[in-house]
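**Q** Next up, coords30.txt (compact mmCIF, N, CA and C atoms).
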```txt
# COMPACT_ATOMS: atom_id res chain seq x y z
N MET A 1 0.85 -1.17 0.00
CA MET A 1 0.00 0.00 0.00
C MET A 1 0.90 1.24 0.00
N SER A 2 0.55 2.22 -0.79
CA SER A 2 1.40 3.41 -0.90
C SER A 2 1.16 4.37 0.26
N ILE A 3 2.10 5.27 0.44
CA ILE A 3 1.97 6.29 1.48
C ILE A 3 0.71 7.11 1.26
N PHE A 4 0.43 7.40 0.02
CA PHE A 4 -0.75 8.19 -0.31
C PHE A 4 -2.03 7.48 0.10
N SER A 5 -2.15 6.20 -0.17
CA SER A 5 -3.37 5.47 0.19
C SER A 5 -3.49 5.27 1.70
N ILE A 6 -2.35 5.14 2.38
CA ILE A 6 -2.39 5.04 3.84
C ILE A 6 -2.92 6.34 4.44
N ALA A 7 -2.43 7.46 3.95
CA ALA A 7 -2.87 8.76 4.46
C ALA A 7 -4.33 9.03 4.11
N THR A 8 -4.75 8.63 2.92
CA THR A 8 -6.16 8.85 2.56
C THR A 8 -7.09 7.97 3.38
N SER A 9 -6.64 6.79 3.78
CA SER A 9 -7.47 5.97 4.66
C SER A 9 -7.61 6.64 6.03
N GLY A 10 -6.56 7.31 6.48
CA GLY A 10 -6.64 8.07 7.73
C GLY A 10 -7.56 9.27 7.61
N LEU A 11 -7.53 9.93 6.45
CA LEU A 11 -8.45 11.06 6.21
C LEU A 11 -9.90 10.58 6.22
N SER A 12 -10.16 9.45 5.60
CA SER A 12 -11.52 8.90 5.57
C SER A 12 -11.99 8.55 6.97
N ALA A 13 -11.12 7.96 7.77
CA ALA A 13 -11.49 7.61 9.14
C ALA A 13 -11.77 8.86 9.97
N ALA A 14 -10.95 9.89 9.80
CA ALA A 14 -11.17 11.14 10.54
C ALA A 14 -12.49 11.79 10.12
N SER A 15 -12.78 11.76 8.84
CA SER A 15 -14.04 12.32 8.35
C SER A 15 -15.23 11.56 8.92
N LEU A 16 -15.13 10.25 8.98
CA LEU A 16 -16.20 9.44 9.56
C LEU A 16 -16.38 9.75 11.04
N ARG A 17 -15.27 9.94 11.76
CA ARG A 17 -15.35 10.30 13.19
C ARG A 17 -16.11 11.61 13.39
N VAL A 18 -15.83 12.59 12.54
CA VAL A 18 -16.51 13.88 12.65
C VAL A 18 -18.00 13.71 12.39
N SER A 19 -18.36 12.96 11.37
CA SER A 19 -19.77 12.75 11.04
C SER A 19 -20.53 12.06 12.16
N VAL A 20 -19.93 11.02 12.72
CA VAL A 20 -20.59 10.28 13.80
C VAL A 20 -20.71 11.13 15.06
N ALA A 21 -19.64 11.83 15.43
CA ALA A 21 -19.69 12.68 16.62
C ALA A 21 -20.72 13.80 16.44
N ALA A 22 -20.78 14.40 15.26
CA ALA A 22 -21.75 15.46 15.01
C ALA A 22 -23.17 14.93 15.11
N SER A 23 -23.40 13.75 14.59
CA SER A 23 -24.73 13.14 14.66
C SER A 23 -25.12 12.85 16.12
N ASN A 24 -24.17 12.32 16.88
CA ASN A 24 -24.45 12.03 18.29
C ASN A 24 -24.74 13.30 19.07
N ILE A 25 -23.97 14.36 18.82
CA ILE A 25 -24.18 15.62 19.53
C ILE A 25 -25.52 16.23 19.14
N ALA A 26 -25.84 16.21 17.85
CA ALA A 26 -27.09 16.81 17.38
C ALA A 26 -28.31 16.09 17.92
N ASN A 27 -28.20 14.80 18.20
CA ASN A 27 -29.35 14.01 18.64
C ASN A 27 -29.32 13.66 20.12
N ILE A 28 -28.51 14.36 20.88
CA ILE A 28 -28.36 14.02 22.31
C ILE A 28 -29.68 14.19 23.09
N SER A 29 -30.57 15.03 22.60
CA SER A 29 -31.84 15.27 23.28
C SER A 29 -33.01 14.52 22.67
N THR A 30 -32.75 13.63 21.73
CA THR A 30 -33.81 12.90 21.05
C THR A 30 -34.20 11.69 21.89
N THR A 31 -35.18 11.89 22.75
CA THR A 31 -35.62 10.82 23.64
C THR A 31 -36.78 10.05 23.01
N GLY A 32 -37.11 8.95 23.62
CA GLY A 32 -38.22 8.12 23.18
C GLY A 32 -38.71 7.28 24.34
N PRO A 33 -39.72 6.46 24.09
CA PRO A 33 -40.23 5.60 25.17
C PRO A 33 -39.21 4.53 25.54
N LEU A 34 -39.22 4.15 26.81
CA LEU A 34 -38.38 3.03 27.23
C LEU A 34 -38.87 1.77 26.54
N PRO A 35 -37.99 0.94 26.00
CA PRO A 35 -38.44 -0.27 25.31
C PRO A 35 -39.29 -1.18 26.18
N ALA A 36 -39.03 -1.25 27.45
CA ALA A 36 -39.80 -2.12 28.33
C ALA A 36 -41.16 -1.53 28.70
N SER A 37 -41.40 -0.25 28.33
CA SER A 37 -42.63 0.40 28.76
C SER A 37 -43.82 0.08 27.89
N GLY A 38 -43.60 -0.61 26.76
CA GLY A 38 -44.73 -0.95 25.88
C GLY A 38 -45.03 0.14 24.88
N GLY A 39 -44.33 1.24 24.92
CA GLY A 39 -44.61 2.34 24.00
C GLY A 39 -43.56 2.45 22.92
N SER A 40 -43.11 1.32 22.41
CA SER A 40 -42.07 1.34 21.39
C SER A 40 -42.61 1.85 20.07
N SER A 41 -41.70 2.11 19.16
CA SER A 41 -42.08 2.70 17.89
C SER A 41 -42.86 1.73 17.02
N THR A 42 -42.83 0.44 17.32
CA THR A 42 -43.53 -0.51 16.47
C THR A 42 -44.88 -0.91 17.04
N SER A 43 -45.11 -0.67 18.31
CA SER A 43 -46.39 -1.07 18.88
C SER A 43 -47.39 0.07 18.77
N ALA A 44 -48.65 -0.28 18.85
CA ALA A 44 -49.70 0.72 18.76
C ALA A 44 -49.98 1.31 20.12
N GLY A 45 -49.26 0.88 21.12
CA GLY A 45 -49.45 1.42 22.45
C GLY A 45 -50.64 0.84 23.16
N ALA A 46 -51.24 -0.19 22.65
CA ALA A 46 -52.42 -0.77 23.28
C ALA A 46 -51.98 -1.83 24.27
N GLY A 47 -51.38 -1.39 25.32
CA GLY A 47 -50.92 -2.29 26.36
C GLY A 47 -51.23 -1.70 27.71
N SER A 48 -50.59 -2.17 28.71
CA SER A 48 -50.84 -1.68 30.06
C SER A 48 -50.25 -0.29 30.28
N SER A 49 -49.44 0.21 29.35
CA SER A 49 -48.80 1.50 29.55
C SER A 49 -49.75 2.66 29.32
N GLY A 50 -50.81 2.46 28.56
CA GLY A 50 -51.77 3.52 28.32
C GLY A 50 -51.33 4.52 27.28
N VAL A 51 -50.27 4.26 26.56
CA VAL A 51 -49.79 5.18 25.54
C VAL A 51 -50.62 4.93 24.28
N GLY A 52 -51.31 5.96 23.80
CA GLY A 52 -52.19 5.81 22.65
C GLY A 52 -51.45 5.86 21.33
N PRO A 53 -50.89 7.02 20.98
CA PRO A 53 -50.22 7.13 19.68
C PRO A 53 -48.85 6.44 19.68
N THR A 54 -48.33 6.25 18.49
CA THR A 54 -47.01 5.64 18.33
C THR A 54 -45.95 6.74 18.41
N PHE A 55 -44.90 6.50 19.17
CA PHE A 55 -43.80 7.45 19.31
C PHE A 55 -42.52 6.82 18.80
N PRO A 56 -41.68 7.62 18.15
CA PRO A 56 -40.41 7.06 17.67
C PRO A 56 -39.49 6.70 18.82
N ALA A 57 -38.66 5.72 18.58
CA ALA A 57 -37.69 5.29 19.59
C ALA A 57 -36.64 6.36 19.79
N ALA A 58 -35.95 6.29 20.90
CA ALA A 58 -34.85 7.22 21.18
C ALA A 58 -33.75 7.02 20.15
N TYR A 59 -32.99 8.07 19.90
CA TYR A 59 -31.86 8.01 18.98
C TYR A 59 -30.86 6.97 19.47
N VAL A 60 -30.37 6.15 18.57
CA VAL A 60 -29.35 5.16 18.89
C VAL A 60 -27.98 5.75 18.55
N PRO A 61 -27.18 6.07 19.57
CA PRO A 61 -25.87 6.67 19.30
C PRO A 61 -24.93 5.69 18.62
N LEU A 62 -23.99 6.25 17.87
CA LEU A 62 -23.04 5.46 17.11
C LEU A 62 -21.63 5.69 17.61
N ARG A 63 -20.74 4.79 17.24
CA ARG A 63 -19.33 4.95 17.55
C ARG A 63 -18.51 4.48 16.37
N VAL A 64 -17.28 4.96 16.28
CA VAL A 64 -16.38 4.58 15.20
C VAL A 64 -15.30 3.67 15.79
N ASP A 65 -15.15 2.52 15.16
CA ASP A 65 -14.09 1.59 15.53
C ASP A 65 -13.07 1.63 14.41
N GLN A 66 -11.83 2.01 14.73
CA GLN A 66 -10.78 2.13 13.73
C GLN A 66 -9.69 1.13 14.06
N VAL A 67 -9.37 0.31 13.09
CA VAL A 67 -8.33 -0.70 13.29
C VAL A 67 -7.32 -0.62 12.16
N SER A 68 -6.13 -1.09 12.45
CA SER A 68 -5.07 -1.14 11.44
C SER A 68 -5.43 -2.17 10.38
N GLN A 69 -5.20 -1.81 9.15
CA GLN A 69 -5.47 -2.73 8.05
C GLN A 69 -4.24 -3.60 7.88
N SER A 70 -4.31 -4.83 8.39
CA SER A 70 -3.13 -5.68 8.40
C SER A 70 -3.27 -6.89 7.48
N SER A 71 -4.32 -6.96 6.71
CA SER A 71 -4.49 -8.11 5.82
C SER A 71 -3.91 -7.81 4.44
N GLY A 72 -3.69 -8.85 3.70
CA GLY A 72 -3.18 -8.69 2.35
C GLY A 72 -1.66 -8.73 2.31
N SER A 73 -1.13 -8.66 1.10
CA SER A 73 0.31 -8.75 0.94
C SER A 73 1.02 -7.44 1.25
N THR A 74 0.31 -6.30 1.15
CA THR A 74 0.90 -5.00 1.45
C THR A 74 0.03 -4.28 2.47
N PRO A 75 0.18 -4.62 3.75
CA PRO A 75 -0.66 -4.00 4.78
C PRO A 75 -0.30 -2.53 5.00
N GLY A 76 -1.24 -1.81 5.52
CA GLY A 76 -1.02 -0.41 5.84
C GLY A 76 -2.32 0.34 5.85
N GLY A 77 -2.34 1.46 6.50
CA GLY A 77 -3.55 2.25 6.59
C GLY A 77 -4.45 1.75 7.69
N SER A 78 -5.67 2.23 7.66
CA SER A 78 -6.63 1.82 8.68
C SER A 78 -8.01 1.69 8.05
N VAL A 79 -8.85 0.96 8.77
CA VAL A 79 -10.23 0.76 8.35
C VAL A 79 -11.11 1.22 9.51
N ALA A 80 -12.09 2.06 9.20
CA ALA A 80 -13.00 2.55 10.22
C ALA A 80 -14.41 2.03 9.93
N THR A 81 -15.05 1.51 10.96
CA THR A 81 -16.42 1.02 10.83
C THR A 81 -17.29 1.70 11.87
N VAL A 82 -18.56 1.80 11.56
CA VAL A 82 -19.53 2.42 12.48
C VAL A 82 -20.38 1.32 13.09
N SER A 83 -20.58 1.41 14.39
CA SER A 83 -21.46 0.47 15.08
C SER A 83 -22.25 1.22 16.14
N ALA A 84 -23.29 0.59 16.63
CA ALA A 84 -24.14 1.20 17.64
C ALA A 84 -23.48 1.09 19.01
N VAL A 85 -23.69 2.10 19.83
CA VAL A 85 -23.22 2.08 21.21
C VAL A 85 -24.12 1.12 21.99
N SER A 86 -23.51 0.34 22.87
CA SER A 86 -24.30 -0.57 23.69
C SER A 86 -23.96 -0.35 25.15
N PRO A 87 -24.90 -0.11 26.01
CA PRO A 87 -26.33 0.03 25.77
C PRO A 87 -26.63 1.36 25.06
N SER A 88 -27.66 1.36 24.24
CA SER A 88 -27.93 2.53 23.41
C SER A 88 -28.71 3.62 24.13
N TYR A 89 -29.31 3.30 25.25
CA TYR A 89 -30.09 4.33 25.96
C TYR A 89 -29.89 4.22 27.46
N ILE A 90 -30.22 5.30 28.13
CA ILE A 90 -30.26 5.32 29.59
C ILE A 90 -31.63 5.86 30.00
N ALA A 91 -32.11 5.43 31.13
CA ALA A 91 -33.40 5.92 31.62
C ALA A 91 -33.19 7.31 32.19
N GLN A 92 -34.07 8.22 31.80
CA GLN A 92 -33.98 9.61 32.23
C GLN A 92 -35.37 10.06 32.69
N SER A 93 -35.42 10.86 33.72
CA SER A 93 -36.70 11.35 34.22
C SER A 93 -37.21 12.51 33.38
N ASP A 94 -38.42 12.34 32.84
CA ASP A 94 -39.11 13.39 32.08
C ASP A 94 -40.60 13.11 32.14
N PRO A 95 -41.21 13.38 33.31
CA PRO A 95 -42.62 13.05 33.48
C PRO A 95 -43.56 13.80 32.53
N SER A 96 -43.10 14.90 31.96
CA SER A 96 -43.96 15.68 31.06
C SER A 96 -44.00 15.10 29.64
N ALA A 97 -43.11 14.18 29.32
CA ALA A 97 -43.11 13.58 27.98
C ALA A 97 -44.35 12.72 27.80
N PRO A 98 -45.00 12.80 26.64
CA PRO A 98 -46.22 12.03 26.44
C PRO A 98 -45.98 10.52 26.40
N PHE A 99 -44.74 10.10 26.20
CA PHE A 99 -44.43 8.68 26.13
C PHE A 99 -43.73 8.17 27.37
N ALA A 100 -43.67 9.00 28.44
CA ALA A 100 -43.02 8.58 29.68
C ALA A 100 -43.79 7.42 30.28
N ASN A 101 -43.08 6.50 30.92
CA ASN A 101 -43.77 5.37 31.56
C ASN A 101 -44.41 5.82 32.86
N GLU A 102 -44.98 4.89 33.58
CA GLU A 102 -45.70 5.24 34.81
C GLU A 102 -44.81 5.86 35.87
N ASP A 103 -43.49 5.65 35.78
CA ASP A 103 -42.55 6.25 36.72
C ASP A 103 -42.00 7.58 36.22
N GLY A 104 -42.45 8.04 35.04
CA GLY A 104 -42.00 9.29 34.46
C GLY A 104 -40.65 9.19 33.77
N LEU A 105 -40.26 7.98 33.38
CA LEU A 105 -38.96 7.76 32.74
C LEU A 105 -39.09 7.62 31.23
N VAL A 106 -38.09 8.13 30.53
CA VAL A 106 -37.99 7.98 29.08
C VAL A 106 -36.60 7.44 28.75
N ALA A 107 -36.44 6.97 27.52
CA ALA A 107 -35.13 6.50 27.06
C ALA A 107 -34.39 7.67 26.43
N ALA A 108 -33.22 7.97 26.94
CA ALA A 108 -32.36 9.02 26.40
C ALA A 108 -31.13 8.37 25.79
N PRO A 109 -30.62 8.91 24.69
CA PRO A 109 -29.43 8.31 24.07
C PRO A 109 -28.25 8.28 25.04
N ASN A 110 -27.52 7.18 25.01
CA ASN A 110 -26.35 7.01 25.87
C ASN A 110 -25.15 7.69 25.21
N VAL A 111 -25.17 9.03 25.24
CA VAL A 111 -24.13 9.83 24.61
C VAL A 111 -23.35 10.56 25.69
N ASP A 112 -22.04 10.40 25.66
CA ASP A 112 -21.15 11.13 26.56
C ASP A 112 -20.68 12.37 25.82
N LEU A 113 -21.23 13.53 26.18
CA LEU A 113 -20.94 14.76 25.44
C LEU A 113 -19.45 15.10 25.45
N ALA A 114 -18.81 14.95 26.60
CA ALA A 114 -17.37 15.23 26.67
C ALA A 114 -16.60 14.28 25.77
N GLY A 115 -16.99 13.02 25.76
CA GLY A 115 -16.33 12.04 24.89
C GLY A 115 -16.49 12.37 23.42
N GLU A 116 -17.66 12.91 23.06
CA GLU A 116 -17.89 13.28 21.66
C GLU A 116 -17.00 14.46 21.25
N PHE A 117 -16.78 15.40 22.15
CA PHE A 117 -15.89 16.51 21.84
C PHE A 117 -14.44 16.05 21.75
N VAL A 118 -14.07 15.05 22.55
CA VAL A 118 -12.73 14.46 22.43
C VAL A 118 -12.59 13.79 21.06
N GLU A 119 -13.64 13.11 20.61
CA GLU A 119 -13.62 12.50 19.27
C GLU A 119 -13.41 13.55 18.19
N LEU A 120 -14.08 14.70 18.33
CA LEU A 120 -13.92 15.78 17.35
C LEU A 120 -12.49 16.31 17.31
N VAL A 121 -11.90 16.50 18.48
CA VAL A 121 -10.52 17.00 18.54
C VAL A 121 -9.56 15.96 17.99
N THR A 122 -9.79 14.69 18.34
CA THR A 122 -8.95 13.61 17.82
C THR A 122 -9.03 13.56 16.30
N ALA A 123 -10.24 13.68 15.77
CA ALA A 123 -10.42 13.66 14.32
C ALA A 123 -9.73 14.85 13.66
N LYS A 124 -9.80 16.01 14.31
CA LYS A 124 -9.17 17.20 13.76
C LYS A 124 -7.66 16.99 13.60
N TYR A 125 -7.01 16.52 14.66
CA TYR A 125 -5.56 16.35 14.61
C TYR A 125 -5.16 15.18 13.71
N SER A 126 -5.98 14.16 13.64
CA SER A 126 -5.73 13.06 12.72
C SER A 126 -5.82 13.54 11.28
N PHE A 127 -6.82 14.37 11.01
CA PHE A 127 -6.98 14.92 9.67
C PHE A 127 -5.78 15.78 9.30
N ILE A 128 -5.35 16.64 10.22
CA ILE A 128 -4.20 17.51 9.97
C ILE A 128 -2.95 16.68 9.71
N ALA A 129 -2.71 15.66 10.54
CA ALA A 129 -1.51 14.83 10.38
C ALA A 129 -1.51 14.11 9.04
N ASN A 130 -2.64 13.54 8.67
CA ASN A 130 -2.70 12.82 7.39
C ASN A 130 -2.60 13.77 6.21
N ALA A 131 -3.15 14.97 6.33
CA ALA A 131 -3.01 15.97 5.27
C ALA A 131 -1.55 16.38 5.11
N LYS A 132 -0.82 16.50 6.22
CA LYS A 132 0.61 16.83 6.15
C LYS A 132 1.40 15.71 5.48
N VAL A 133 1.02 14.47 5.73
CA VAL A 133 1.68 13.34 5.08
C VAL A 133 1.48 13.42 3.58
N ILE A 134 0.25 13.71 3.16
CA ILE A 134 -0.03 13.84 1.72
C ILE A 134 0.75 15.00 1.12
N GLN A 135 0.81 16.11 1.85
CA GLN A 135 1.57 17.28 1.37
C GLN A 135 3.05 16.93 1.23
N ALA A 136 3.63 16.27 2.23
CA ALA A 136 5.04 15.88 2.16
C ALA A 136 5.28 14.89 1.02
N TYR A 137 4.35 13.97 0.82
CA TYR A 137 4.45 13.00 -0.27
C TYR A 137 4.45 13.71 -1.62
N ALA A 138 3.54 14.68 -1.76
CA ALA A 138 3.46 15.44 -3.03
C ALA A 138 4.73 16.24 -3.27
N GLU A 139 5.25 16.89 -2.22
CA GLU A 139 6.48 17.68 -2.36
C GLU A 139 7.67 16.79 -2.68
N THR A 140 7.75 15.63 -2.04
CA THR A 140 8.85 14.71 -2.30
C THR A 140 8.79 14.18 -3.73
N THR A 141 7.59 13.82 -4.15
CA THR A 141 7.41 13.32 -5.53
C THR A 141 7.78 14.40 -6.53
N GLU A 142 7.39 15.63 -6.26
CA GLU A 142 7.72 16.74 -7.15
C GLU A 142 9.23 16.96 -7.20
N SER A 143 9.89 16.86 -6.05
CA SER A 143 11.35 17.04 -6.01
C SER A 143 12.05 15.93 -6.78
N LEU A 144 11.56 14.71 -6.66
CA LEU A 144 12.16 13.60 -7.40
C LEU A 144 11.99 13.79 -8.91
N LEU A 145 10.84 14.30 -9.31
CA LEU A 145 10.62 14.54 -10.74
C LEU A 145 11.53 15.66 -11.24
N ASP A 146 11.81 16.65 -10.41
CA ASP A 146 12.72 17.74 -10.81
C ASP A 146 14.15 17.23 -10.95
N ILE A 147 14.54 16.29 -10.12
CA ILE A 147 15.90 15.77 -10.16
C ILE A 147 16.10 14.94 -11.43
N THR A 148 15.12 14.21 -11.86
CA THR A 148 15.28 13.33 -13.01
C THR A 148 15.17 14.04 -14.34
N THR A 149 14.68 15.27 -14.37
CA THR A 149 14.53 15.96 -15.65
C THR A 149 15.68 16.88 -15.96
```
So, in terms of structure tokens, how does the structure I just supplied come out?

**A**
Amino acid sequence: MSIFSIATSGLSAASLRVSVAASNIANISTTGPLPASGGSSTSAGAGSSGVGPTFPAAYVPLRVDQVSQSSGSTPGGSVATVSAVSPSYIAQSDPSAPFANEDGLVAAPNVDLAGEFVELVTAKYSFIANAKVIQAYAETTESLLDITT
């Protein structure tokens, strides 16, 4: 794998980190009924919970798993995948929500706001470092072409 492709895989991973962190931050307040309360997004609410209309489920936060690409004859770079955070929700008190259970609890996304900002900063510096690698690669290639002509 070339230096250029290794750096571009790092840029792609950093970009994915920013997208996932931004999505998690934007949806941190998107609550829904607790799955055990009977008011899930797929049920009609005709259970013991007394919830009439259907309410959407709480936002499921995501995370980025980045691993070194070590397979193949020329390993290098990294691969980033997105997966759901587990557990995806925490019980939060909001008795005024129309989908709150009998105890006044709703499902809130299990998002650590400080952790998401750390992800953004990590992605920023990863992006900068990989961009510098590409810049140095381009300058070195240009210098080599000048020497041979």

**Q** Write out as number ranges by chain which residues come within 6.5 Å of Ile28 of chain A when counting all atoms listed in the file, dropping same-chain ones fewer than 4 positions away.

**A** A: 23-24, 109, 111

**Q** Using only N, CA and C atoms, can you tell me which of A:Ala13, A:Ala97, A:Ile128, A:Ala107 comes closest to Gln66 of chain A?

**A** A:Ala13

**Q** At a cut-off of 10 Å around the point (-20.6, 7.5, 16.2) (file coordinates), what residues fall inside when counting only C-alpha atoms? I'd like the answer as a ChimeraX atom specification.

**A** /A:16-25,60-65,81-85,111,116,119

**Q** One decimal, in Å: what's the spacing between atom CA of Ala57 of chain A and atom N of Ile90 of chain A?

**A** 11.3 Å

**Q** Run DSSP on the backbone of this structure and report the residues of segment 84-133 of chain A it assigns to alpha helix (DSSP H), as a PyMOL selection string.

**A** chain A and resi 113-133

**Q** Please, what distance in Å, to one decimal, runs between atom CA of Pro33 of chain A and atom CA of Val106 of chain A?

**A** 5.1 Å

**Q** I need the residue nearest Leu105 of chain A from this list: A:Ser15, A:Thr31, A:Ser126, A:Ser5. Use only C-alpha atoms for the distance.

**A**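 Of the candidates, the smallest distance to Leu105 of chain A is held by A:Thr31.
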
**Q** Pull the strand (DSSP E or B) assignments for chain A out of DSSP run on the backbone, and list those residues as a list in words.

**A**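 In chain A, DSSP puts these residues in strand (DSSP E or B): Gly32, Leu62, Arg63, Val64, Asp65, Gln66, Val67, Ser68, Ser78, Val79, Ala80, Thr81, Val82, Ser83, Ala84, Tyr89, Ile90, Ala91, Gln92, Ser93, Leu105, Val106, Ala107, Ala108 and Pro109 of chain A.
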
**Q** Mind pulling up the distance from atom N of Glu102 of chain A to atom CA of Pro56 of chain A?

**A** 16.7 Å

**Q** Show which residues sit within 8 Å of Ala7 of chain A, as a PyMOL selection string. Count only N, CA and C atoms, and ignore same-chain residues fewer than 3 positions away.

**A** chain A and resi 2-4+10-13+76-78+129-131+133-134

**Q** From the set A:Phe117, A:Gly32, A:Val79, A:Val67, which residue has the shortest atom-to-atom contact distance to Ser9 of chain A, counting all atoms listed in the file?

**A**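 Among A:Phe117, A:Gly32, A:Val79, A:Val67, it is A:Val79 that comes nearest to Ser9 of chain A.
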
**Q** Out of A:Thr8, A:Pro35, A:Gly115, A:Ala14, which residue has the shortest atom-to-atom distance to Phe127 of chain A when counting only N, CA and C atoms?

**A**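 Smallest separation from Phe127 of chain A among the options: A:Ala14.
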